[in-house]
>>> print(open('data_8.cif').read())   # mmCIF, C-alpha atoms
data_final
#
loop_
_atom_site.label_atom_id
_atom_site.label_comp_id
_atom_site.auth_asym_id
_atom_site.auth_seq_id
_atom_site.Cartn_x
_atom_site.Cartn_y
_atom_site.Cartn_z
CA MET A 714 -12.69 21.36 -9.07
CA ASP A 715 -9.99 18.89 -10.00
CA ILE A 716 -9.87 16.50 -7.03
CA ASN A 717 -6.30 15.46 -7.83
CA ARG A 718 -4.92 18.83 -6.73
CA PRO A 719 -6.06 19.08 -3.07
CA ILE A 720 -5.34 15.38 -2.50
CA TYR A 721 -1.87 15.79 -3.96
CA LEU A 722 -1.24 18.81 -1.72
CA ALA A 723 -2.39 16.90 1.40
CA LEU A 724 -0.06 14.00 0.61
CA ILE A 725 2.97 16.04 -0.39
CA GLY A 726 2.49 18.30 2.65
CA GLY A 727 2.71 15.24 4.92
CA VAL A 728 5.75 13.97 3.01
CA ILE A 729 7.63 17.27 3.28
CA ILE A 730 6.89 18.00 6.95
CA SER A 731 7.58 14.48 8.18
CA SER A 732 10.71 14.03 6.08
CA ILE A 733 12.18 17.32 7.37
CA LEU A 734 11.55 16.16 10.94
CA PHE A 735 13.01 12.71 10.20
CA ALA A 736 16.03 14.23 8.45
CA ILE A 737 16.77 16.40 11.51
CA ALA A 738 16.39 13.40 13.84
CA PHE A 739 18.56 11.26 11.56
CA ALA A 740 21.25 13.96 11.37
CA ILE A 741 21.32 14.44 15.15
CA ASN A 742 21.60 10.68 15.64
CA LEU A 743 24.52 10.46 13.23
CA LEU A 744 26.41 13.62 14.14
CA LEU A 745 25.52 14.44 17.75
CA PRO A 746 24.85 11.06 19.42
CA THR A 747 24.84 12.66 22.88
CA TYR A 748 21.58 14.44 22.05
CA GLU A 749 19.69 11.25 21.25
CA GLN A 750 16.73 12.23 23.46
CA VAL A 751 16.17 15.30 21.27
CA ALA A 752 16.39 13.13 18.18
CA TYR A 753 13.76 10.77 19.62
CA ILE A 754 11.34 13.61 20.34
CA ILE A 755 11.71 14.97 16.81
CA ALA A 756 11.33 11.46 15.31
CA PHE A 757 8.20 10.96 17.45
CA ALA A 758 6.71 14.19 16.04
CA GLY A 759 7.65 13.14 12.51
CA ALA A 760 5.98 9.75 12.95
CA GLY A 761 2.83 11.49 14.20
CA VAL A 762 2.65 13.72 11.11
CA LEU A 763 3.38 10.72 8.89
CA ILE A 764 0.68 8.47 10.33
CA LEU A 765 -1.99 11.18 10.35
CA THR A 766 -1.41 12.09 6.68
CA PRO A 767 -3.60 9.26 5.23
CA TYR A 768 -6.41 10.34 7.61
CA LEU A 769 -6.00 13.91 6.39
CA ARG A 770 -6.05 12.69 2.80
CA VAL A 771 -9.45 11.02 3.31
CA VAL A 772 -10.83 14.17 4.98
CA VAL A 773 -9.54 16.30 2.09
CA ALA A 774 -11.13 13.90 -0.44
CA PHE A 775 -14.42 14.14 1.49
CA ILE A 776 -14.36 17.96 1.31
CA ALA A 777 -13.27 17.99 -2.34
CA PHE A 778 -16.11 15.68 -3.37
CA LEU A 779 -18.52 17.80 -1.33
CA VAL A 780 -17.38 20.97 -3.12
CA ASN A 781 -17.75 19.12 -6.43
CA LYS A 782 -21.25 17.96 -5.45
CA GLU A 783 -20.23 14.35 -6.18
CA TYR A 784 -22.47 13.03 -3.43
CA LYS A 785 -21.90 9.34 -4.18
CA PHE A 786 -18.25 9.84 -3.36
CA VAL A 787 -18.98 12.10 -0.43
CA ILE A 788 -20.74 9.08 1.10
CA ILE A 789 -17.93 6.73 0.05
CA SER A 790 -15.22 8.90 1.64
CA PHE A 791 -17.34 9.36 4.74
CA LEU A 792 -17.66 5.56 5.04
CA VAL A 793 -13.90 5.11 4.70
CA LEU A 794 -13.27 7.72 7.38
CA LEU A 795 -15.90 6.15 9.63
CA ILE A 796 -14.35 2.68 9.35
CA MET A 797 -10.89 4.16 10.04
CA MET A 798 -12.25 5.86 13.16
CA ILE A 799 -14.03 2.70 14.36
CA SER A 800 -10.78 0.76 13.84
CA LEU A 801 -8.88 3.32 15.86
CA ILE A 802 -11.40 3.27 18.73
CA MET A 803 -11.65 -0.54 18.72
CA GLY A 804 -7.87 -0.75 18.67
CA LEU A 805 -7.56 1.55 21.65
CA ILE A 806 -10.21 -0.36 23.59
CA PHE A 807 -8.86 -3.85 22.86
CA HIS A 808 -5.16 -2.88 22.78
CA ILE A 809 -4.54 -4.44 19.40
CA SER A 810 -0.85 -5.00 18.85
CA PRO A 811 1.12 -6.79 16.16
CA LYS A 812 1.23 -10.56 16.29
CA GLY A 813 4.60 -12.16 16.26
CA MET B 1287 21.40 3.01 20.22
CA LEU B 1288 22.33 2.20 16.65
CA ASP B 1289 25.77 3.11 15.39
CA ALA B 1290 26.16 5.25 12.29
CA LEU B 1291 27.03 2.36 10.00
CA SER B 1292 23.96 0.33 10.96
CA GLN B 1293 21.77 3.36 10.44
CA LEU B 1294 23.14 3.91 6.96
CA LEU B 1295 22.79 0.22 6.11
CA PHE B 1296 19.21 0.27 7.32
CA PHE B 1297 18.56 3.42 5.31
CA ALA B 1298 19.90 1.66 2.19
CA ILE B 1299 17.70 -1.43 2.74
CA THR B 1300 14.57 0.65 3.21
CA PHE B 1301 15.50 2.66 0.11
CA VAL B 1302 15.40 -0.56 -1.93
CA ALA B 1303 12.08 -1.55 -0.28
CA GLY B 1304 10.62 1.86 -1.15
CA PHE B 1305 11.93 1.68 -4.70
CA LEU B 1306 10.56 -1.80 -5.43
CA GLY B 1307 7.35 -0.99 -3.59
CA ALA B 1308 6.79 2.01 -5.83
CA LEU B 1309 7.29 -0.06 -9.00
CA MET B 1310 4.91 -2.76 -7.74
CA GLY B 1311 2.31 -0.72 -5.86
CA ILE B 1312 3.09 -2.59 -2.65
CA GLY B 1313 4.24 -1.55 0.82
CA GLY B 1314 7.59 -3.30 0.99
CA GLY B 1315 7.00 -4.84 4.42
CA ILE B 1316 8.08 -8.11 2.86
CA ILE B 1317 11.63 -6.64 2.73
CA VAL B 1318 11.58 -4.40 5.83
CA VAL B 1319 10.33 -6.99 8.34
CA PRO B 1320 12.90 -9.74 7.56
CA ALA B 1321 15.70 -7.13 7.37
CA LEU B 1322 14.84 -5.83 10.82
CA THR B 1323 14.42 -9.22 12.46
CA ILE B 1324 17.27 -11.10 10.76
CA ILE B 1325 19.96 -8.43 10.26
CA PHE B 1326 19.24 -6.11 13.18
CA GLY B 1327 17.70 -8.58 15.63
CA VAL B 1328 14.65 -6.43 16.27
CA PRO B 1329 11.78 -8.35 17.95
CA ILE B 1330 9.06 -9.28 15.45
CA LYS B 1331 6.38 -7.09 17.07
CA GLU B 1332 8.54 -3.99 16.84
CA ALA B 1333 9.51 -4.92 13.28
CA ILE B 1334 5.85 -5.10 12.27
CA ALA B 1335 5.17 -1.72 13.90
CA ILE B 1336 8.09 -0.08 12.07
CA SER B 1337 7.01 -1.79 8.85
CA ALA B 1338 3.45 -0.41 9.17
CA ALA B 1339 4.86 3.12 9.53
CA THR B 1340 7.15 2.65 6.51
CA VAL B 1341 4.17 1.46 4.46
CA VAL B 1342 2.47 4.76 5.30
CA ALA B 1343 5.66 6.61 4.31
CA THR B 1344 6.03 4.83 0.99
CA SER B 1345 2.32 5.18 0.25
CA ILE B 1346 2.13 8.93 0.78
CA SER B 1347 5.45 9.58 -0.97
CA GLY B 1348 4.83 7.28 -3.94
CA GLY B 1349 1.10 7.95 -3.89
CA SER B 1350 1.53 11.71 -4.14
CA SER B 1351 3.81 11.33 -7.12
CA TYR B 1352 1.38 9.06 -8.97
CA VAL B 1353 -1.50 11.45 -8.22
CA GLU B 1354 0.55 14.27 -9.70
CA GLN B 1355 1.38 12.13 -12.76
CA ARG B 1356 -2.36 11.38 -13.03
CA ILE B 1357 -1.94 7.62 -13.11
CA THR B 1358 -3.89 7.06 -9.87
CA ASN B 1359 -7.62 6.43 -10.18
CA ILE B 1360 -8.77 8.24 -7.03
CA ARG B 1361 -12.46 7.33 -7.36
CA LEU B 1362 -11.69 3.65 -7.83
CA ALA B 1363 -9.31 3.85 -4.86
CA MET B 1364 -11.96 5.35 -2.60
CA PHE B 1365 -14.50 2.74 -3.75
CA LEU B 1366 -12.14 -0.13 -2.91
CA GLU B 1367 -11.01 1.52 0.34
CA THR B 1368 -14.49 0.93 1.79
CA SER B 1369 -13.95 -2.83 1.62
CA THR B 1370 -10.24 -2.93 2.37
CA THR B 1371 -10.58 -0.87 5.57
CA LEU B 1372 -13.59 -2.98 6.56
CA GLY B 1373 -11.52 -6.12 5.92
CA ALA B 1374 -8.65 -4.77 8.02
CA LEU B 1375 -11.06 -4.02 10.86
CA VAL B 1376 -12.62 -7.50 10.70
CA GLY B 1377 -9.13 -9.00 10.51
CA ALA B 1378 -8.00 -7.08 13.59
CA ILE B 1379 -11.04 -8.38 15.51
CA LEU B 1380 -10.61 -11.96 14.24
CA VAL B 1381 -6.98 -11.91 15.32
CA MET B 1382 -8.20 -11.86 18.91
CA LEU B 1383 -10.52 -14.83 18.36
CA ILE B 1384 -8.86 -17.27 15.98
CA ALA B 1385 -5.41 -18.50 15.05
CA GLY B 1386 -4.26 -17.25 11.67
CA GLU B 1387 -1.86 -20.09 10.89
CA TYR B 1388 -4.04 -21.82 8.33
CA LEU B 1389 -4.68 -18.56 6.56
CA TYR B 1390 -1.01 -18.27 5.66
CA VAL B 1391 -1.39 -21.38 3.52
CA LEU B 1392 -4.59 -20.06 1.97
CA PHE B 1393 -3.08 -16.67 1.15
CA SER B 1394 0.07 -18.28 -0.22
CA LEU B 1395 -2.01 -20.35 -2.65
CA LEU B 1396 -3.77 -17.16 -3.70
CA ALA B 1397 -0.39 -15.46 -4.19
CA PHE B 1398 0.87 -18.31 -6.41
CA TYR B 1399 -2.32 -18.22 -8.43
CA LEU B 1400 -2.02 -14.46 -8.96
CA ALA B 1401 1.68 -14.77 -9.78
CA LEU B 1402 0.80 -17.26 -12.48
CA SER B 1403 -2.01 -15.12 -13.85
CA GLN B 1404 0.39 -12.15 -14.08
CA ILE B 1405 2.99 -14.01 -16.08
CA LEU B 1406 0.34 -15.57 -18.33
CA SER B 1407 -1.28 -12.22 -19.10
CA VAL B 1408 1.85 -10.40 -20.35
CA LYS B 1409 1.08 -10.76 -24.05
CA ARG B 1410 -2.62 -10.12 -23.62
CA GLU B 1411 -2.08 -6.90 -21.70
CA VAL B 1412 0.47 -5.56 -24.20
CA LYS B 1413 -1.99 -6.31 -27.02
CA LYS B 1414 -4.85 -4.68 -25.16
CA MET B 1415 -2.77 -1.54 -24.74
CA GLU B 1416 -1.87 -1.44 -28.42
CA ASN B 1417 -5.43 -2.02 -29.65
CA ASN B 1418 -7.15 0.19 -27.08
CA ASP B 1419 -9.06 -2.89 -25.90
CA PHE B 1420 -9.26 -1.67 -22.31
CA MET B 1421 -12.33 0.24 -23.49
CA ASN B 1422 -13.90 -2.81 -25.14
CA VAL B 1423 -15.54 -4.31 -22.07
CA VAL B 1424 -19.01 -4.25 -20.62
CA GLN B 1425 -19.18 -2.20 -17.43
CA ASP B 1426 -21.14 -3.77 -14.60
CA ARG B 1427 -23.87 -1.87 -12.75
CA ILE B 1428 -21.71 -0.69 -9.87
CA SER B 1429 -19.02 0.49 -12.24
CA LYS B 1430 -21.60 2.40 -14.26
CA PHE B 1431 -23.20 3.87 -11.15
CA PHE B 1432 -19.89 5.24 -9.85
CA HIS B 1433 -18.48 6.04 -13.31
CA LEU B 1434 -15.48 3.83 -12.57
CA ARG B 1435 -13.23 4.46 -15.52
CA GLY B 1436 -9.96 6.16 -16.02
CA ASP B 1437 -7.04 6.96 -18.24
CA TYR B 1438 -3.34 7.69 -18.01
CA PHE B 1439 -0.55 8.49 -20.41
CA ASP B 1440 1.84 5.56 -20.81
CA GLU B 1441 5.34 6.96 -21.33
CA SER B 1442 6.85 3.63 -22.43
CA ILE B 1443 4.71 3.51 -25.58
CA ASN B 1444 3.72 7.20 -25.81
CA ARG B 1445 0.05 6.51 -25.81
CA ARG B 1446 -2.95 7.48 -23.70
CA ILE B 1447 -4.55 4.36 -22.25
CA GLU B 1448 -8.23 4.59 -21.42
CA TYR B 1449 -10.10 1.89 -19.54
CA LEU B 1450 -13.49 0.93 -18.17
CA VAL B 1451 -13.74 -0.94 -14.87
CA LYS B 1452 -15.57 -4.26 -14.84
CA ASN B 1453 -16.27 -6.91 -12.15
CA SER B 1454 -16.53 -4.19 -9.50
CA PHE B 1455 -18.15 -6.49 -6.96
CA ILE B 1456 -15.49 -9.22 -7.29
CA GLY B 1457 -12.81 -6.54 -6.98
CA TRP B 1458 -14.52 -5.13 -3.93
CA ILE B 1459 -14.57 -8.60 -2.31
CA ILE B 1460 -10.90 -9.32 -3.09
CA SER B 1461 -10.03 -5.92 -1.72
CA PHE B 1462 -11.88 -6.94 1.46
CA PHE B 1463 -9.69 -10.04 1.74
CA ALA B 1464 -6.58 -7.98 1.05
CA GLY B 1465 -7.54 -5.84 4.05
CA LEU B 1466 -8.39 -8.93 6.08
CA GLY B 1467 -4.95 -10.38 5.33
CA SER B 1468 -3.17 -7.24 6.42
CA GLY B 1469 -5.27 -6.97 9.59
CA LEU B 1470 -4.94 -10.64 10.44
CA LEU B 1471 -1.43 -11.57 9.33
CA GLY B 1472 0.15 -8.15 8.96
CA ILE B 1473 1.07 -8.93 5.38
CA GLY B 1474 0.79 -6.45 2.57
CA GLY B 1475 -2.56 -6.15 0.96
CA GLY B 1476 -0.76 -4.34 -1.87
CA VAL B 1477 -0.07 -7.35 -4.07
CA PHE B 1478 -3.65 -8.53 -3.75
CA LYS B 1479 -5.04 -5.09 -4.53
CA VAL B 1480 -2.91 -4.69 -7.66
CA SER B 1481 -3.92 -8.15 -8.83
CA ALA B 1482 -7.60 -7.61 -8.07
CA MET B 1483 -7.63 -4.49 -10.20
CA ASN B 1484 -5.40 -5.78 -12.98
CA VAL B 1485 -6.55 -9.39 -13.31
CA PHE B 1486 -10.26 -9.04 -12.54
CA MET B 1487 -11.29 -5.42 -12.97
CA ASN B 1488 -9.73 -4.59 -16.36
CA VAL B 1489 -7.46 -1.89 -14.90
CA PRO B 1490 -4.13 -1.54 -16.77
CA LEU B 1491 -1.18 -2.67 -14.61
CA LYS B 1492 0.37 0.78 -14.21
CA ALA B 1493 -2.93 2.35 -13.15
CA ALA B 1494 -3.46 -0.57 -10.74
CA VAL B 1495 0.04 -0.07 -9.27
CA ALA B 1496 -0.53 3.67 -8.78
CA THR B 1497 -4.00 3.18 -7.32
CA SER B 1498 -2.83 0.46 -4.93
CA LYS B 1499 0.13 2.61 -3.85
CA PHE B 1500 -2.36 5.32 -2.99
CA MET B 1501 -4.68 2.94 -1.08
CA ILE B 1502 -2.26 1.02 1.12
CA GLY B 1503 -1.50 4.07 3.27
CA VAL B 1504 -5.01 4.06 4.65
CA THR B 1505 -4.96 0.50 6.01
CA ALA B 1506 -1.36 0.83 7.18
CA ALA B 1507 -2.16 4.08 8.99
CA THR B 1508 -5.02 2.47 10.92
CA SER B 1509 -2.64 -0.14 12.35
CA ALA B 1510 0.36 2.20 12.61
CA ILE B 1511 -1.54 4.71 14.73
CA LEU B 1512 -2.35 1.98 17.27
CA TYR B 1513 1.29 0.91 17.52
CA TYR B 1514 2.23 4.59 17.75
CA VAL B 1515 -0.03 5.37 20.72
CA SER B 1516 0.91 2.14 22.48
CA GLY B 1517 4.60 3.05 22.23
CA LEU B 1518 5.58 0.08 20.06
CA LEU B 1519 7.11 2.28 17.39
CA ASN B 1520 10.87 2.10 17.92
CA LEU B 1521 12.13 5.67 17.47
CA GLU B 1522 15.68 4.56 16.77
CA TYR B 1523 14.65 3.01 13.49
CA ILE B 1524 11.76 5.13 12.34
CA ALA B 1525 13.74 8.11 10.98
CA PRO B 1526 16.11 6.16 8.69
CA ALA B 1527 13.28 3.76 7.75
CA ALA B 1528 10.82 6.47 6.76
CA LEU B 1529 13.46 8.55 4.95
CA GLY B 1530 14.77 5.51 3.08
CA THR B 1531 11.36 4.32 1.91
CA MET B 1532 10.16 7.81 1.00
CA LEU B 1533 13.26 8.51 -1.10
CA GLY B 1534 13.17 5.04 -2.65
CA ALA B 1535 9.50 5.50 -3.49
CA ALA B 1536 10.18 8.92 -5.03
CA VAL B 1537 12.85 7.42 -7.33
CA GLY B 1538 10.66 4.39 -8.14
CA THR B 1539 7.66 6.51 -9.08
CA ALA B 1540 9.83 8.68 -11.31
CA ILE B 1541 10.80 5.74 -13.50
CA MET B 1542 7.81 3.35 -13.26
CA ASN B 1543 5.85 4.87 -16.11
CA LYS B 1544 8.87 4.69 -18.41
CA LEU B 1545 9.22 0.93 -17.98
CA LYS B 1546 7.58 -1.54 -20.36
CA VAL B 1547 4.56 -3.30 -18.86
CA LYS B 1548 6.15 -6.62 -19.79
CA TRP B 1549 9.07 -6.09 -17.39
CA LEU B 1550 6.80 -4.85 -14.62
CA LYS B 1551 4.71 -8.00 -14.96
CA ILE B 1552 7.80 -10.22 -14.80
CA LEU B 1553 9.04 -8.37 -11.70
CA PHE B 1554 5.58 -8.71 -10.20
CA PHE B 1555 5.59 -12.44 -10.92
CA ALA B 1556 8.94 -12.84 -9.14
CA ILE B 1557 7.86 -10.86 -6.08
CA MET B 1558 4.52 -12.71 -5.88
CA CYS B 1559 6.35 -16.07 -5.97
CA TYR B 1560 8.65 -14.88 -3.19
CA ILE B 1561 5.68 -13.71 -1.09
CA GLY B 1562 3.78 -16.94 -1.79
CA TYR B 1563 6.78 -19.05 -0.77
CA ASN B 1564 7.30 -16.98 2.37
CA MET B 1565 3.69 -17.34 3.45
CA LEU B 1566 3.63 -21.06 2.62
CA GLY B 1567 6.78 -21.47 4.70
CA LYS B 1568 5.30 -19.63 7.66
CA GLY B 1569 2.02 -21.53 7.35
CA LEU B 1570 3.69 -24.95 7.22
CA LEU B 1571 5.98 -24.08 10.10
CA LEU B 1572 3.11 -22.93 12.29
CA THR B 1573 0.62 -25.67 11.40
CA VAL B 1574 2.60 -28.89 10.85
CA GLY B 1575 6.06 -27.82 12.01
CA VAL B 1576 7.76 -28.38 8.65
CA ARG B 1577 10.52 -25.87 7.98
CA LEU B 1578 11.13 -25.01 4.32
CA PRO B 1579 14.58 -23.74 3.31
CA LEU B 1580 15.26 -20.03 3.96
CA ILE B 1581 12.22 -19.54 6.22
CA SER B 1582 13.09 -17.93 9.53
#
>>> encode(input="data_8.cif", output="structure tokens")
Amino acid sequence: MDINRPIYLALIGGVIISSILFAIAFAINLLLPTYEQVAYIIAFAGAGVLILTPYLRVVVAFIAFLVNKEYKFVIISFLVLLIMMISLIMGLIFHISPKG
Amino acid sequence: MLDALSQLLFFAITFVAGFLGALMGIGGGIIVVPALTIIFGVPIKEAIAISAATVVATSISGGSSYVEQRITNIRLAMFLETSTTLGALVGAILVMLIAGEYLYVLFSLLAFYLALSQILSVKREVKKMENNDFMNVVQDRISKFFHLRGDYFDESINRRIEYLVKNSFIGWIISFFAGLGSGLLGIGGGVFKVSAMNVFMNVPLKAAVATSKFMIGVTAATSAILYYVSGLLNLEYIAPAALGTMLGAAVGTAIMNKLKVKWLKILFFAIMCYIGYNMLGKGLLLTVGVRLPLIS
């Protein structure tokens, strides 16, 4: 299997879904300012899709390499996913927030 | 809430950040953060949170386009992601223990060094492309083990460029520090990743740009998700910011491969100098209290 294809689809899927949600939120904000709460909810959903897309992309790479029997890269993508998960859990425990 | 004009202005700024970021393989936080804090008066913490989300946006938008154009080296990206995510994690832990002020100076020196090496390697890289010399290197053991090589079609010279990766371990280490920098200082690892691949690992600039563009989403997402769940992500700005960077990145990726490597290197040099100056300014301000011109 060509690994480019599923990875491309995962990324472009995230781009399309989140940008539709952001476009709706943006349009409501510009045209119907009284409904700003609705716009915020839609923007919140869009941001969720956006931020989860790179995670999805690593999972898709993991599966694609597994299907391809490229076990070296199955391990590599698993490691990347593992470190991302550890970061997330550590961040939630220690409440990491931006410095400024 | 933001008025319509401010939203459109912000959209335009993030469009430029997305566009330049796509050409350079970087996130564009270097443009988004100052724009938010200086023009819109957003507190720095919120600006960093919005910036992290826009880096994800520009990475998945630009990254998908480069994957489709087959410029991205996905295997090399995954290999380097092991160290860059580890670096980001270590950086995020260190941030709680040590002060990062001195690191600004260190990273700025690194940025100046890499800026210089970009401008000095213009002729060499053009020659290597013409003579197919990207294949004339000795692969190291790691590179051989993982078959780290690649190719892409360069539209500016109508030629397929093939390359072998060398110095995999050095690249892996620099990629670790790129992650460390983004975890510790919140500054883009993108420039360091592109340089690591291009200067040390024998990856042609365009392939390095595309591969870095693909990689930065992963580190940015790990910080962005934390800001997201802790409610730091300002929802007023996120829609225009994400749309602007995604569209900008889409336009940037459409033209990057048509540009001559020479011009990309010169643009890279300029941006690296700007980043180096910015970090030096921040470092000097925080450590010895000296304020350089134009540093906020």
>>> closest_residue(input="data_8.cif", among="B:Met1421, B:Val1342, B:Val1381, B:Met1364", to="A:Ile788", atoms="only C-alpha atoms")
B:Met1364
>>> residues_around(input="data_8.cif", residues="B:Arg1445", least_positions_apart="3", cutoff="12 Å", atoms="only C-alpha atoms", output="NGL selection string")
:B and (1415-1418 or 1437-1442 or 1448 or 1543-1544)
>>> closest_residue(input="data_8.cif", among="B:Val1318, B:Val1408, B:Ala1333, B:Leu1434", to="A:Lys785", atoms="all atoms listed in the file")
B:Leu1434
>>> closest_residue(input="data_8.cif", among="A:Leu745, A:Ile725, A:Ile806, A:Ala777", to="chain B", atoms="all atoms listed in the file")
A:Ile725
>>> resolve_selection(input="data_8.cif", expression="the PyMOL selection byres ((chain A and resi 797) around 12)", output="VMD selection string")
(chain A and resid 765 767 to 769 771 to 772 790 to 796 798 to 804) or (chain B and resid 1367 to 1376 1503 to 1512)
>>> closest_residue(input="data_8.cif", among="A:Glu749, A:Phe778, A:Ile764, A:Leu744", to="chain B", atoms="all atoms listed in the file")
A:Ile764
>>> residues_near_point(input="data_8.cif", point="(18.5, 3.9, 10.1)", cutoff="10 Å", atoms="all atoms listed in the file", output="JSON, numbers by chain")
{"A": [739, 742, 743], "B": [1288, 1289, 1290, 1291, 1292, 1293, 1294, 1295, 1296, 1297, 1298, 1299, 1300, 1521, 1522, 1523, 1524, 1525, 1526, 1527, 1528, 1529, 1530]}
>>> write_last_selection(input="data_8.cif", atoms="C-alpha atoms", output="PDB file, keeping the file's coordinate frame")
ATOM      1  CA  PHE A 739      18.560  11.260  11.560  1.00  0.00           C
ATOM      2  CA  ASN A 742      21.600  10.680  15.640  1.00  0.00           C
ATOM      3  CA  LEU A 743      24.520  10.460  13.230  1.00  0.00           C
TER       4      LEU A 743
ATOM      5  CA  LEU B1288      22.330   2.200  16.650  1.00  0.00           C
ATOM      6  CA  ASP B1289      25.770   3.110  15.390  1.00  0.00           C
ATOM      7  CA  ALA B1290      26.160   5.250  12.290  1.00  0.00           C
ATOM      8  CA  LEU B1291      27.030   2.360  10.000  1.00  0.00           C
ATOM      9  CA  SER B1292      23.960   0.330  10.960  1.00  0.00           C
ATOM     10  CA  GLN B1293      21.770   3.360  10.440  1.00  0.00           C
ATOM     11  CA  LEU B1294      23.140   3.910   6.960  1.00  0.00           C
ATOM     12  CA  LEU B1295      22.790   0.220   6.110  1.00  0.00           C
ATOM     13  CA  PHE B1296      19.210   0.270   7.320  1.00  0.00           C
ATOM     14  CA  PHE B1297      18.560   3.420   5.310  1.00  0.00           C
ATOM     15  CA  ALA B1298      19.900   1.660   2.190  1.00  0.00           C
ATOM     16  CA  ILE B1299      17.700  -1.430   2.740  1.00  0.00           C
ATOM     17  CA  THR B1300      14.570   0.650   3.210  1.00  0.00           C
ATOM     18  CA  LEU B1521      12.130   5.670  17.470  1.00  0.00           C
ATOM     19  CA  GLU B1522      15.680   4.560  16.770  1.00  0.00           C
ATOM     20  CA  TYR B1523      14.650   3.010  13.490  1.00  0.00           C
ATOM     21  CA  ILE B1524      11.760   5.130  12.340  1.00  0.00           C
ATOM     22  CA  ALA B1525      13.740   8.110  10.980  1.00  0.00           C
ATOM     23  CA  PRO B1526      16.110   6.160   8.690  1.00  0.00           C
ATOM     24  CA  ALA B1527      13.280   3.760   7.750  1.00  0.00           C
ATOM     25  CA  ALA B1528      10.820   6.470   6.760  1.00  0.00           C
ATOM     26  CA  LEU B1529      13.460   8.550   4.950  1.00  0.00           C
ATOM     27  CA  GLY B1530      14.770   5.510   3.080  1.00  0.00           C
TER      28      GLY B1530
END
>>> resolve_selection(input="data_8.cif", expression="the PyMOL selection byres ((chain B and resi 1380) around 12)", output="number ranges by chain")
A: 807, 809; B: 1373-1379, 1381-1386, 1389, 1466-1471
>>> resolve_selection(input="data_8.cif", expression="the PyMOL selection byres ((chain B and resi 1335) around 7)", output="list in words")
Pro811 of chain A; Lys1331, Glu1332, Ala1333, Ile1334, Ile1336, Ser1337, Ala1338, Ala1339, Ala1510, Tyr1513, Leu1518 and Leu1519 of chain B
>>> closest_residue(input="data_8.cif", among="A:Ile741, A:Val773, A:Ile789, A:Met714", to="chain B", atoms="all atoms listed in the file")
A:Ile789
>>> residues_around(input="data_8.cif", residues="A:Ile716", least_positions_apart="6", cutoff="10 Å", atoms="only C-alpha atoms", output="mmCIF file with C-alpha atoms, keeping the file's coordinate frame")
data_model
loop_
_atom_site.group_PDB
_atom_site.id
_atom_site.type_symbol
_atom_site.label_atom_id
_atom_site.label_comp_id
_atom_site.auth_asym_id
_atom_site.auth_seq_id
_atom_site.Cartn_x
_atom_site.Cartn_y
_atom_site.Cartn_z
ATOM 1 C CA VAL A 773 -9.540 16.300 2.090
ATOM 2 C CA ALA A 774 -11.130 13.900 -0.440
ATOM 3 C CA PHE A 775 -14.420 14.140 1.490
ATOM 4 C CA ILE A 776 -14.360 17.960 1.310
ATOM 5 C CA ALA A 777 -13.270 17.990 -2.340
ATOM 6 C CA PHE A 778 -16.110 15.680 -3.370
ATOM 7 C CA VAL A 780 -17.380 20.970 -3.120
ATOM 8 C CA ASN A 781 -17.750 19.120 -6.430
ATOM 9 C CA VAL B 1353 -1.500 11.450 -8.220
ATOM 10 C CA ILE B 1360 -8.770 8.240 -7.030
ATOM 11 C CA ARG B 1361 -12.460 7.330 -7.360
#
>>> closest_residue(input="data_8.cif", among="A:Tyr784, A:Tyr748, A:Ile737, A:Ile730", to="A:Val762", atoms="all atoms listed in the file")
A:Ile730
>>> residues_around(input="data_8.cif", residues="B:Leu1396", least_positions_apart="4", cutoff="8 Å", atoms="only C-alpha atoms", output="list in words")
Leu1392, Leu1400 and Gly1562 of chain B
>>> atom_distance(input="data_8.cif", atom1="atom CA of B:Gly1534", atom2="atom CA of B:Val1341")
12.0 Å
>>> atom_distance(input="data_8.cif", atom1="atom CA of B:Met1487", atom2="atom CA of B:Phe1462")
14.5 Å
>>> build_atoms(input="data_8.cif", residues="stretch 790-796 of chain A", atoms="N, CA and C atoms", output="compact mmCIF listing (two decimals), in the frame of the given file")
# COMPACT_ATOMS: atom_id res chain seq x y z
N SER A 790 -16.36 8.45 0.81
CA SER A 790 -15.22 8.90 1.64
C SER A 790 -15.61 8.99 3.10
N PHE A 791 -16.89 9.33 3.35
CA PHE A 791 -17.34 9.36 4.74
C PHE A 791 -17.27 7.95 5.35
N LEU A 792 -17.71 6.94 4.56
CA LEU A 792 -17.66 5.56 5.04
C LEU A 792 -16.24 5.13 5.38
N VAL A 793 -15.30 5.48 4.47
CA VAL A 793 -13.90 5.11 4.70
C VAL A 793 -13.40 5.74 6.01
N LEU A 794 -13.70 7.01 6.18
CA LEU A 794 -13.27 7.72 7.38
C LEU A 794 -13.90 7.10 8.63
N LEU A 795 -15.18 6.76 8.51
CA LEU A 795 -15.90 6.15 9.63
C LEU A 795 -15.25 4.83 10.04
N ILE A 796 -14.96 3.98 9.04
CA ILE A 796 -14.35 2.68 9.35
C ILE A 796 -12.96 2.88 9.98
